[in-house]
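Listing of work-v2.csv, CSV, N, CA and C atoms and all ligand atoms
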```
chain,number,residue,atom,x,y,z
A,18,MET,N,41.6,3.0,-43.7
A,18,MET,CA,40.5,3.0,-42.8
A,18,MET,C,39.8,4.4,-42.8
A,19,SER,N,38.5,4.4,-43.0
A,19,SER,CA,37.8,5.7,-43.0
A,19,SER,C,37.2,6.0,-41.6
A,20,GLN,N,37.2,7.3,-41.4
A,20,GLN,CA,36.7,7.7,-40.1
A,20,GLN,C,35.6,8.7,-40.3
A,21,ILE,N,34.5,8.5,-39.6
A,21,ILE,CA,33.4,9.5,-39.7
A,21,ILE,C,33.6,10.5,-38.5
A,22,ARG,N,33.8,11.7,-38.9
A,22,ARG,CA,34.0,12.7,-37.8
A,22,ARG,C,32.8,13.6,-37.6
A,23,LEU,N,32.2,13.5,-36.5
A,23,LEU,CA,31.0,14.3,-36.3
A,23,LEU,C,31.5,15.7,-35.7
A,24,PRO,N,30.8,16.7,-36.1
A,24,PRO,CA,31.2,18.0,-35.6
A,24,PRO,C,31.0,18.0,-34.0
A,25,ASN,N,31.8,18.7,-33.3
A,25,ASN,CA,31.7,18.7,-31.9
A,25,ASN,C,30.3,18.9,-31.3
A,26,THR,N,29.7,19.9,-31.9
A,26,THR,CA,28.3,20.3,-31.3
A,26,THR,C,27.4,19.1,-31.5
A,27,THR,N,27.4,18.4,-32.7
A,27,THR,CA,26.5,17.3,-32.9
A,27,THR,C,26.8,16.2,-31.9
A,28,MET,N,28.1,15.9,-31.7
A,28,MET,CA,28.5,14.9,-30.8
A,28,MET,C,28.0,15.2,-29.4
A,29,THR,N,28.1,16.4,-29.0
A,29,THR,CA,27.7,16.8,-27.7
A,29,THR,C,26.2,16.6,-27.5
A,30,ASN,N,25.4,17.0,-28.6
A,30,ASN,CA,24.0,16.7,-28.6
A,30,ASN,C,23.6,15.3,-28.4
A,31,VAL,N,24.3,14.4,-29.2
A,31,VAL,CA,24.1,13.0,-29.2
A,31,VAL,C,24.4,12.5,-27.8
A,32,MET,N,25.5,13.0,-27.2
A,32,MET,CA,25.9,12.5,-25.9
A,32,MET,C,24.9,12.9,-24.8
A,33,SER,N,24.4,14.2,-24.9
A,33,SER,CA,23.5,14.6,-23.9
A,33,SER,C,22.1,13.9,-24.0
A,34,ALA,N,21.8,13.6,-25.3
A,34,ALA,CA,20.5,12.9,-25.5
A,34,ALA,C,20.6,11.5,-24.9
A,35,MET,N,21.8,10.8,-25.1
A,35,MET,CA,22.0,9.5,-24.5
A,35,MET,C,22.0,9.6,-23.0
A,36,THR,N,22.7,10.6,-22.4
A,36,THR,CA,22.7,10.8,-21.0
A,36,THR,C,21.3,10.9,-20.4
A,37,MET,N,20.5,11.7,-21.1
A,37,MET,CA,19.1,11.9,-20.7
A,37,MET,C,18.3,10.6,-20.7
A,38,MET,N,18.5,9.8,-21.7
A,38,MET,CA,17.8,8.5,-21.8
A,38,MET,C,18.2,7.7,-20.6
A,39,VAL,N,19.5,7.6,-20.3
A,39,VAL,CA,19.9,6.8,-19.2
A,39,VAL,C,19.3,7.3,-17.9
A,40,VAL,N,19.3,8.6,-17.7
A,40,VAL,CA,18.7,9.2,-16.5
A,40,VAL,C,17.2,8.9,-16.4
A,41,LEU,N,16.5,9.0,-17.6
A,41,LEU,CA,15.0,8.6,-17.6
A,41,LEU,C,14.8,7.2,-17.2
A,42,ILE,N,15.6,6.3,-17.8
A,42,ILE,CA,15.5,4.9,-17.5
A,42,ILE,C,15.7,4.6,-16.0
A,43,LEU,N,16.8,5.2,-15.5
A,43,LEU,CA,17.1,5.1,-14.1
A,43,LEU,C,15.9,5.6,-13.2
A,44,MET,N,15.4,6.7,-13.6
A,44,MET,CA,14.3,7.3,-12.8
A,44,MET,C,13.0,6.3,-12.9
A,45,LEU,N,12.8,5.7,-14.0
A,45,LEU,CA,11.7,4.8,-14.1
A,45,LEU,C,11.9,3.6,-13.2
A,46,GLN,N,13.1,3.1,-13.2
A,46,GLN,CA,13.4,1.9,-12.4
A,46,GLN,C,13.3,2.3,-10.9
A,47,LEU,N,13.8,3.5,-10.6
A,47,LEU,CA,13.7,3.9,-9.2
A,47,LEU,C,12.2,4.0,-8.8
A,48,HIS,N,11.4,4.6,-9.7
A,48,HIS,CA,10.0,4.7,-9.4
A,48,HIS,C,9.3,3.3,-9.2
A,49,GLU,N,9.7,2.4,-10.1
A,49,GLU,CA,9.1,1.1,-10.0
A,49,GLU,C,9.5,0.4,-8.7
A,50,ALA,N,10.8,0.6,-8.3
A,50,ALA,CA,11.3,0.0,-7.1
A,50,ALA,C,10.7,0.5,-5.9
A,51,LYS,N,10.2,1.7,-6.0
A,51,LYS,CA,9.6,2.4,-4.8
A,51,LYS,C,8.3,1.8,-4.4
A,52,ALA,N,7.5,1.3,-5.3
A,52,ALA,CA,6.2,0.7,-5.0
A,52,ALA,C,6.4,-0.6,-4.2
A,53,ALA,N,5.8,-0.7,-3.0
A,53,ALA,CA,6.1,-1.8,-2.1
A,53,ALA,C,4.8,-2.6,-1.9
A,54,THR,N,4.9,-3.8,-1.5
A,54,THR,CA,3.7,-4.6,-1.2
A,54,THR,C,3.8,-5.0,0.3
A,55,TYR,N,2.7,-4.8,1.0
A,55,TYR,CA,2.7,-5.1,2.4
A,55,TYR,C,1.7,-6.1,2.8
A,56,ILE,N,2.0,-7.1,3.5
A,56,ILE,CA,1.0,-8.0,4.0
A,56,ILE,C,0.6,-7.5,5.4
A,57,VAL,N,-0.6,-7.1,5.5
A,57,VAL,CA,-1.1,-6.4,6.8
A,57,VAL,C,-1.0,-7.5,7.9
A,58,GLY,N,-0.3,-7.1,9.0
A,58,GLY,CA,-0.2,-8.1,10.1
A,58,GLY,C,0.9,-9.1,9.9
A,59,ASP,N,1.7,-8.9,8.8
A,59,ASP,CA,2.8,-9.8,8.5
A,59,ASP,C,2.3,-11.3,8.5
A,60,GLN,N,3.0,-12.2,9.1
A,60,GLN,CA,2.7,-13.6,9.0
A,60,GLN,C,1.4,-13.9,9.7
A,61,ARG,N,0.9,-13.1,10.6
A,61,ARG,CA,-0.4,-13.3,11.3
A,61,ARG,C,-1.5,-13.1,10.4
A,62,GLY,N,-1.3,-12.1,9.4
A,62,GLY,CA,-2.4,-11.8,8.5
A,62,GLY,C,-3.5,-10.9,9.2
A,63,TRP,N,-4.7,-11.0,8.7
A,63,TRP,CA,-5.8,-10.2,9.2
A,63,TRP,C,-6.7,-11.1,10.0
A,64,THR,N,-6.6,-10.9,11.3
A,64,THR,CA,-7.3,-11.8,12.2
A,64,THR,C,-7.6,-11.1,13.6
A,65,ILE,N,-8.2,-11.7,14.5
A,65,ILE,CA,-8.3,-11.1,15.9
A,65,ILE,C,-6.8,-11.2,16.4
A,66,PRO,N,-6.3,-10.0,16.7
A,66,PRO,CA,-4.9,-10.0,17.1
A,66,PRO,C,-4.7,-10.4,18.6
A,67,PRO,N,-3.4,-10.7,18.9
A,67,PRO,CA,-3.1,-11.1,20.3
A,67,PRO,C,-3.3,-10.0,21.3
A,68,TYR,N,-3.2,-8.7,20.9
A,68,TYR,CA,-3.5,-7.6,21.8
A,68,TYR,C,-4.1,-6.5,21.0
A,69,ASP,N,-4.8,-5.6,21.7
A,69,ASP,CA,-5.6,-4.5,21.1
A,69,ASP,C,-4.9,-3.7,20.1
A,70,ASN,N,-3.6,-3.3,20.4
A,70,ASN,CA,-2.9,-2.3,19.5
A,70,ASN,C,-2.1,-3.0,18.4
A,71,TYR,N,-2.3,-4.3,18.2
A,71,TYR,CA,-1.5,-5.0,17.2
A,71,TYR,C,-1.4,-4.3,15.9
A,72,TYR,N,-2.6,-4.0,15.3
A,72,TYR,CA,-2.6,-3.4,13.9
A,72,TYR,C,-2.2,-1.9,14.0
A,73,LYS,N,-2.5,-1.3,15.1
A,73,LYS,CA,-2.0,0.1,15.3
A,73,LYS,C,-0.5,0.1,15.2
A,74,THR,N,0.1,-0.8,15.9
A,74,THR,CA,1.6,-1.0,16.0
A,74,THR,C,2.1,-1.3,14.6
A,75,TRP,N,1.4,-2.2,13.9
A,75,TRP,CA,1.9,-2.6,12.6
A,75,TRP,C,1.9,-1.4,11.6
A,76,ALA,N,0.8,-0.6,11.7
A,76,ALA,CA,0.6,0.6,10.8
A,76,ALA,C,1.7,1.6,11.1
A,77,SER,N,2.1,1.7,12.4
A,77,SER,CA,3.1,2.7,12.8
A,77,SER,C,4.5,2.3,12.4
A,78,LYS,N,4.7,1.1,12.1
A,78,LYS,CA,6.0,0.6,11.7
A,78,LYS,C,6.2,0.6,10.2
A,79,HIS,N,5.1,0.9,9.4
A,79,HIS,CA,5.3,0.9,8.0
A,79,HIS,C,4.9,2.2,7.4
A,80,ARG,N,5.7,2.7,6.5
A,80,ARG,CA,5.4,4.0,5.8
A,80,ARG,C,4.8,3.7,4.5
A,81,VAL,N,3.5,3.5,4.4
A,81,VAL,CA,2.8,3.1,3.2
A,81,VAL,C,2.6,4.4,2.3
A,82,LYS,N,3.0,4.3,1.0
A,82,LYS,CA,3.0,5.4,0.1
A,82,LYS,C,1.9,5.1,-1.0
A,83,VAL,N,1.5,6.2,-1.6
A,83,VAL,CA,0.6,6.1,-2.8
A,83,VAL,C,1.3,5.1,-3.8
A,84,ASN,N,0.5,4.2,-4.4
A,84,ASN,CA,0.9,3.2,-5.3
A,84,ASN,C,1.4,1.9,-4.7
A,85,ASP,N,1.6,1.9,-3.4
A,85,ASP,CA,1.9,0.7,-2.7
A,85,ASP,C,0.7,-0.2,-2.6
A,86,ILE,N,1.0,-1.5,-2.4
A,86,ILE,CA,-0.1,-2.5,-2.3
A,86,ILE,C,-0.2,-3.1,-0.9
A,87,LEU,N,-1.4,-3.1,-0.5
A,87,LEU,CA,-1.8,-3.7,0.8
A,87,LEU,C,-2.5,-5.1,0.6
A,88,VAL,N,-2.0,-6.1,1.3
A,88,VAL,CA,-2.6,-7.4,1.1
A,88,VAL,C,-3.2,-7.8,2.5
A,89,PHE,N,-4.5,-8.1,2.5
A,89,PHE,CA,-5.2,-8.5,3.7
A,89,PHE,C,-5.5,-10.0,3.5
A,90,LYS,N,-4.8,-10.9,4.3
A,90,LYS,CA,-5.0,-12.3,4.1
A,90,LYS,C,-5.8,-12.8,5.4
A,91,PHE,N,-6.9,-13.6,5.1
A,91,PHE,CA,-7.6,-14.1,6.2
A,91,PHE,C,-8.4,-15.3,5.8
A,92,GLU,N,-8.9,-16.0,6.9
A,92,GLU,CA,-9.6,-17.2,6.7
A,92,GLU,C,-11.1,-17.0,6.3
A,93,TYR,N,-11.5,-17.5,5.2
A,93,TYR,CA,-12.8,-17.3,4.7
A,93,TYR,C,-13.9,-17.8,5.8
A,94,GLY,N,-14.8,-17.0,6.0
A,94,GLY,CA,-15.9,-17.4,7.0
A,94,GLY,C,-15.6,-17.0,8.4
A,95,LYS,N,-14.3,-16.8,8.7
A,95,LYS,CA,-13.9,-16.5,10.1
A,95,LYS,C,-13.6,-15.0,10.3
A,96,GLN,N,-13.2,-14.4,9.2
A,96,GLN,CA,-13.0,-12.9,9.3
A,96,GLN,C,-13.5,-12.3,8.0
A,97,ASN,N,-13.7,-11.0,8.0
A,97,ASN,CA,-14.0,-10.3,6.8
A,97,ASN,C,-13.2,-9.0,6.8
A,98,TRP,N,-13.5,-8.2,5.8
A,98,TRP,CA,-12.7,-7.0,5.7
A,98,TRP,C,-13.7,-5.9,5.3
A,99,ALA,N,-13.6,-4.8,6.0
A,99,ALA,CA,-14.5,-3.6,5.7
A,99,ALA,C,-13.7,-2.3,5.7
A,100,TRP,N,-14.0,-1.5,4.8
A,100,TRP,CA,-13.4,-0.2,4.7
A,100,TRP,C,-14.5,0.8,5.2
A,101,VAL,N,-14.2,1.4,6.3
A,101,VAL,CA,-15.3,2.2,7.0
A,101,VAL,C,-14.9,3.6,7.2
A,102,GLU,N,-15.9,4.3,7.7
A,102,GLU,CA,-15.7,5.7,8.1
A,102,GLU,C,-15.1,5.8,9.4
A,103,ARG,N,-14.4,7.0,9.7
A,103,ARG,CA,-13.7,7.1,10.9
A,103,ARG,C,-14.6,6.9,12.2
A,104,HIS,N,-15.8,7.5,12.2
A,104,HIS,CA,-16.6,7.4,13.4
A,104,HIS,C,-17.1,5.9,13.6
A,105,ASP,N,-17.3,5.2,12.5
A,105,ASP,CA,-17.7,3.8,12.7
A,105,ASP,C,-16.5,3.0,13.2
A,106,TYR,N,-15.3,3.4,12.7
A,106,TYR,CA,-14.1,2.7,13.2
A,106,TYR,C,-13.9,3.0,14.7
A,107,ASN,N,-14.0,4.2,15.0
A,107,ASN,CA,-13.8,4.6,16.4
A,107,ASN,C,-14.6,3.8,17.4
A,108,VAL,N,-15.9,3.6,17.1
A,108,VAL,CA,-16.8,3.0,18.0
A,108,VAL,C,-17.1,1.5,17.6
A,109,CYS,N,-16.3,1.0,16.6
A,109,CYS,CA,-16.6,-0.4,16.2
A,109,CYS,C,-18.0,-0.6,15.8
A,110,ASN,N,-18.6,0.3,15.1
A,110,ASN,CA,-19.9,0.1,14.5
A,110,ASN,C,-19.9,-0.8,13.4
A,111,THR,N,-20.4,-2.0,13.5
A,111,THR,CA,-20.3,-3.1,12.5
A,111,THR,C,-21.6,-3.1,11.6
A,112,THR,N,-22.5,-2.2,11.9
A,112,THR,CA,-23.7,-2.2,11.0
A,112,THR,C,-23.5,-1.0,10.0
A,113,ALA,N,-24.0,-1.2,8.9
A,113,ALA,CA,-23.9,-0.1,7.8
A,113,ALA,C,-22.5,0.2,7.4
A,114,VAL,N,-21.7,-0.8,7.3
A,114,VAL,CA,-20.3,-0.6,6.8
A,114,VAL,C,-20.4,-0.6,5.3
A,115,PRO,N,-19.7,0.4,4.7
A,115,PRO,CA,-19.9,0.6,3.2
A,115,PRO,C,-19.3,-0.5,2.3
A,116,VAL,N,-18.1,-1.0,2.7
A,116,VAL,CA,-17.5,-2.0,1.8
A,116,VAL,C,-17.1,-3.2,2.7
A,117,VAL,N,-17.7,-4.4,2.3
A,117,VAL,CA,-17.3,-5.6,3.0
A,117,VAL,C,-16.9,-6.6,2.0
A,118,ALA,N,-15.8,-7.3,2.3
A,118,ALA,CA,-15.4,-8.4,1.4
A,118,ALA,C,-15.2,-9.6,2.3
A,119,SER,N,-15.6,-10.7,1.8
A,119,SER,CA,-15.4,-11.9,2.6
A,119,SER,C,-14.5,-13.0,1.9
A,120,LYS,N,-13.8,-12.5,0.9
A,120,LYS,CA,-12.9,-13.4,0.2
A,120,LYS,C,-11.7,-13.8,1.1
A,121,TYR,N,-10.8,-14.6,0.6
A,121,TYR,CA,-9.6,-15.0,1.4
A,121,TYR,C,-8.6,-13.9,1.5
A,122,THR,N,-8.5,-13.2,0.4
A,122,THR,CA,-7.4,-12.2,0.3
A,122,THR,C,-7.9,-11.0,-0.4
A,123,ILE,N,-7.6,-9.8,0.2
A,123,ILE,CA,-7.9,-8.6,-0.4
A,123,ILE,C,-6.6,-7.9,-0.8
A,124,VAL,N,-6.5,-7.5,-2.1
A,124,VAL,CA,-5.3,-6.8,-2.5
A,124,VAL,C,-5.7,-5.4,-3.0
A,125,LEU,N,-5.1,-4.4,-2.4
A,125,LEU,CA,-5.5,-3.1,-2.6
A,125,LEU,C,-4.3,-2.3,-3.1
A,126,ARG,N,-4.4,-1.5,-4.1
A,126,ARG,CA,-3.4,-0.5,-4.4
A,126,ARG,C,-3.9,0.8,-4.0
A,127,VAL,N,-3.2,1.4,-3.0
A,127,VAL,CA,-3.7,2.7,-2.5
A,127,VAL,C,-3.3,3.8,-3.4
A,128,LEU,N,-4.3,4.6,-3.8
A,128,LEU,CA,-4.0,5.7,-4.8
A,128,LEU,C,-4.2,7.1,-4.2
A,129,THR,N,-4.6,7.2,-2.9
A,129,THR,CA,-4.9,8.5,-2.3
A,129,THR,C,-4.1,8.6,-1.1
A,130,PRO,N,-3.4,9.8,-0.9
A,130,PRO,CA,-2.7,10.0,0.3
A,130,PRO,C,-3.7,10.5,1.4
A,131,THR,N,-4.2,9.6,2.1
A,131,THR,CA,-5.2,9.9,3.1
A,131,THR,C,-5.2,8.8,4.2
A,132,THR,N,-6.1,9.0,5.2
A,132,THR,CA,-6.1,8.0,6.3
A,132,THR,C,-7.3,7.0,6.0
A,133,PHE,N,-7.0,5.8,5.9
A,133,PHE,CA,-8.0,4.7,5.7
A,133,PHE,C,-8.3,4.1,7.0
A,134,HIS,N,-9.6,3.6,7.1
A,134,HIS,CA,-10.0,2.9,8.3
A,134,HIS,C,-10.6,1.5,7.9
A,135,PHE,N,-10.0,0.5,8.4
A,135,PHE,CA,-10.4,-0.9,8.1
A,135,PHE,C,-10.8,-1.6,9.3
A,136,MET,N,-11.7,-2.5,9.2
A,136,MET,CA,-12.0,-3.4,10.3
A,136,MET,C,-12.6,-4.7,9.8
A,137,CYS,N,-12.8,-5.6,10.7
A,137,CYS,CA,-13.6,-6.8,10.5
A,137,CYS,C,-14.9,-6.5,11.0
A,138,SER,N,-16.0,-6.8,10.3
A,138,SER,CA,-17.3,-6.5,10.8
A,138,SER,C,-18.0,-7.7,11.5
A,139,PHE,N,-17.3,-8.7,11.7
A,139,PHE,CA,-17.9,-9.8,12.5
A,139,PHE,C,-18.0,-9.3,14.0
A,140,PRO,N,-19.2,-9.6,14.6
A,140,PRO,CA,-19.4,-9.1,15.9
A,140,PRO,C,-18.3,-9.4,16.9
A,141,GLY,N,-17.8,-8.3,17.6
A,141,GLY,CA,-16.8,-8.5,18.6
A,141,GLY,C,-15.4,-8.5,18.1
A,142,HIS,N,-15.2,-8.6,16.8
A,142,HIS,CA,-13.8,-8.7,16.4
A,142,HIS,C,-13.1,-7.3,16.4
A,143,CYS,N,-13.8,-6.3,16.0
A,143,CYS,CA,-13.2,-5.0,16.0
A,143,CYS,C,-12.8,-4.5,17.4
A,144,SER,N,-13.8,-4.8,18.3
A,144,SER,CA,-13.5,-4.3,19.7
A,144,SER,C,-12.3,-5.1,20.3
A,145,ARG,N,-12.0,-6.3,19.7
A,145,ARG,CA,-10.9,-7.0,20.2
A,145,ARG,C,-9.6,-6.7,19.4
A,146,GLY,N,-9.7,-5.6,18.7
A,146,GLY,CA,-8.5,-5.1,18.0
A,146,GLY,C,-8.3,-5.4,16.5
A,147,GLN,N,-9.3,-6.0,15.9
A,147,GLN,CA,-9.2,-6.3,14.5
A,147,GLN,C,-9.7,-5.1,13.7
A,148,LYS,N,-8.9,-4.1,13.8
A,148,LYS,CA,-9.2,-2.8,13.1
A,148,LYS,C,-7.8,-2.1,12.9
A,149,MET,N,-7.8,-1.3,11.8
A,149,MET,CA,-6.5,-0.6,11.5
A,149,MET,C,-6.8,0.7,10.9
A,150,SER,N,-6.2,1.7,11.4
A,150,SER,CA,-6.2,3.1,10.8
A,150,SER,C,-4.9,3.2,10.2
A,151,LEU,N,-4.9,3.6,8.9
A,151,LEU,CA,-3.6,3.7,8.2
A,151,LEU,C,-3.5,4.9,7.4
A,152,THR,N,-2.5,5.7,7.6
A,152,THR,CA,-2.3,6.9,6.8
A,152,THR,C,-1.3,6.7,5.7
A,153,VAL,N,-1.8,6.9,4.5
A,153,VAL,CA,-1.0,6.7,3.3
A,153,VAL,C,-0.4,8.1,2.9
A,154,VAL,N,0.9,8.1,2.7
A,154,VAL,CA,1.6,9.3,2.4
A,154,VAL,C,1.9,9.4,0.9
A,155,CYS,N,2.3,10.6,0.4
A,155,CYS,CA,2.6,10.8,-1.0
A,155,CYS,C,3.9,10.0,-1.3
A,156,ALA,N,3.9,9.5,-2.6
A,156,ALA,CA,5.0,8.7,-3.0
A,156,ALA,C,6.2,9.5,-3.1
B,201,CU,CU,-12.7,-10.8,12.3
```
I need this file expressed as structure tokens, please.
Amino acid sequence: MSQIRLPNTTMTNVMSAMTMMVVLILMLQLHEAKAATYIVGDQRGWTIPPYDNYYKTWASKHRVKVNDILVFKFEYGKQNWAWVERHDYNVCNTTAVPVVASKYTIVLRVLTPTTFHFMCSFPGHCSRGQKMSLTVVCA
């Protein structure tokens, strides 16, 4: 039986290279596992909530990070979704909102660690609590 004997230094290099690969793969998997998907409002989705602070409470219970995904689910024609400026959010100004979507589901991947302001721009919905300020933190 023949045996191939690697010099100790080469063996050490091979071993450390293998170890590094394993570490890199683990890091990639951890990174992948860190990205989470959230359904805003949970089973209730995006709608006029039962009480004013419903979405504020929801936002405070979730630590949304960069690269996470937010899903806004709502009934077409009954709600919509708008990404607005803070002052419009604060006073529920439903005119001149910059982004409005009226599809059934909005899926967003948040890429910036900042505070977002969302609302429904249907008259009266924002003032009844269908609004959410969400601070996204670094991954
Ligand atoms: Cu609405």
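Among the candidates A:Ala156, A:Leu87, A:Cys137, A:Val127, the residue lying nearest to ligand CU 201 (chain B) is A:Cys137 (atoms considered: only N, CA and C atoms and all ligand atoms).
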Q.
What's the separation between atom CA of A:Cys109 and atom CA of A:Thr64, in Å to one decimal place?
A.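 Answer for the atom CA of A:Cys109 to atom CA of A:Thr64 separation: 15.2 Å.
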All strand (DSSP E) residues (DSSP, backbone) inside stretch 77-113 of chain A, as a PyMOL selection string: chain A and resi 86-90+98-100
Nearby polymer residues, ligand CU 201 (chain B), at most 6 Å, only N, CA and C atoms and all ligand atoms, as a list in words: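 With only N, CA and C atoms and all ligand atoms and a cut-off of 6 Å, ligand CU 201 (chain B) is contacted by Thr64, Ile65, Lys95, Gln96, Asn97, Cys137, Ser138, Phe139, His142 and Cys143 of chain A.
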Write out, as a PDB file, keeping the file's coordinate frame, the residues just selected, with N, CA and C atoms.
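Wrote again_9.pdb, looks like this:
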```
ATOM      1  N   THR A  64      -6.600 -10.900  11.300  1.00  0.00           N
ATOM      2  CA  THR A  64      -7.300 -11.800  12.200  1.00  0.00           C
ATOM      3  C   THR A  64      -7.600 -11.100  13.600  1.00  0.00           C
ATOM      4  N   ILE A  65      -8.200 -11.700  14.500  1.00  0.00           N
ATOM      5  CA  ILE A  65      -8.300 -11.100  15.900  1.00  0.00           C
ATOM      6  C   ILE A  65      -6.800 -11.200  16.400  1.00  0.00           C
ATOM      7  N   LYS A  95     -14.300 -16.800   8.700  1.00  0.00           N
ATOM      8  CA  LYS A  95     -13.900 -16.500  10.100  1.00  0.00           C
ATOM      9  C   LYS A  95     -13.600 -15.000  10.300  1.00  0.00           C
ATOM     10  N   GLN A  96     -13.200 -14.400   9.200  1.00  0.00           N
ATOM     11  CA  GLN A  96     -13.000 -12.900   9.300  1.00  0.00           C
ATOM     12  C   GLN A  96     -13.500 -12.300   8.000  1.00  0.00           C
ATOM     13  N   ASN A  97     -13.700 -11.000   8.000  1.00  0.00           N
ATOM     14  CA  ASN A  97     -14.000 -10.300   6.800  1.00  0.00           C
ATOM     15  C   ASN A  97     -13.200  -9.000   6.800  1.00  0.00           C
ATOM     16  N   CYS A 137     -12.800  -5.600  10.700  1.00  0.00           N
ATOM     17  CA  CYS A 137     -13.600  -6.800  10.500  1.00  0.00           C
ATOM     18  C   CYS A 137     -14.900  -6.500  11.000  1.00  0.00           C
ATOM     19  N   SER A 138     -16.000  -6.800  10.300  1.00  0.00           N
ATOM     20  CA  SER A 138     -17.300  -6.500  10.800  1.00  0.00           C
ATOM     21  C   SER A 138     -18.000  -7.700  11.500  1.00  0.00           C
ATOM     22  N   PHE A 139     -17.300  -8.700  11.700  1.00  0.00           N
ATOM     23  CA  PHE A 139     -17.900  -9.800  12.500  1.00  0.00           C
ATOM     24  C   PHE A 139     -18.000  -9.300  14.000  1.00  0.00           C
ATOM     25  N   HIS A 142     -15.200  -8.600  16.800  1.00  0.00           N
ATOM     26  CA  HIS A 142     -13.800  -8.700  16.400  1.00  0.00           C
ATOM     27  C   HIS A 142     -13.100  -7.300  16.400  1.00  0.00           C
ATOM     28  N   CYS A 143     -13.800  -6.300  16.000  1.00  0.00           N
ATOM     29  CA  CYS A 143     -13.200  -5.000  16.000  1.00  0.00           C
ATOM     30  C   CYS A 143     -12.800  -4.500  17.400  1.00  0.00           C
TER      31      CYS A 143
END
```
Computed gap from atom CA of A:Val88 to atom N of A:Ser144 is 20.7 Å
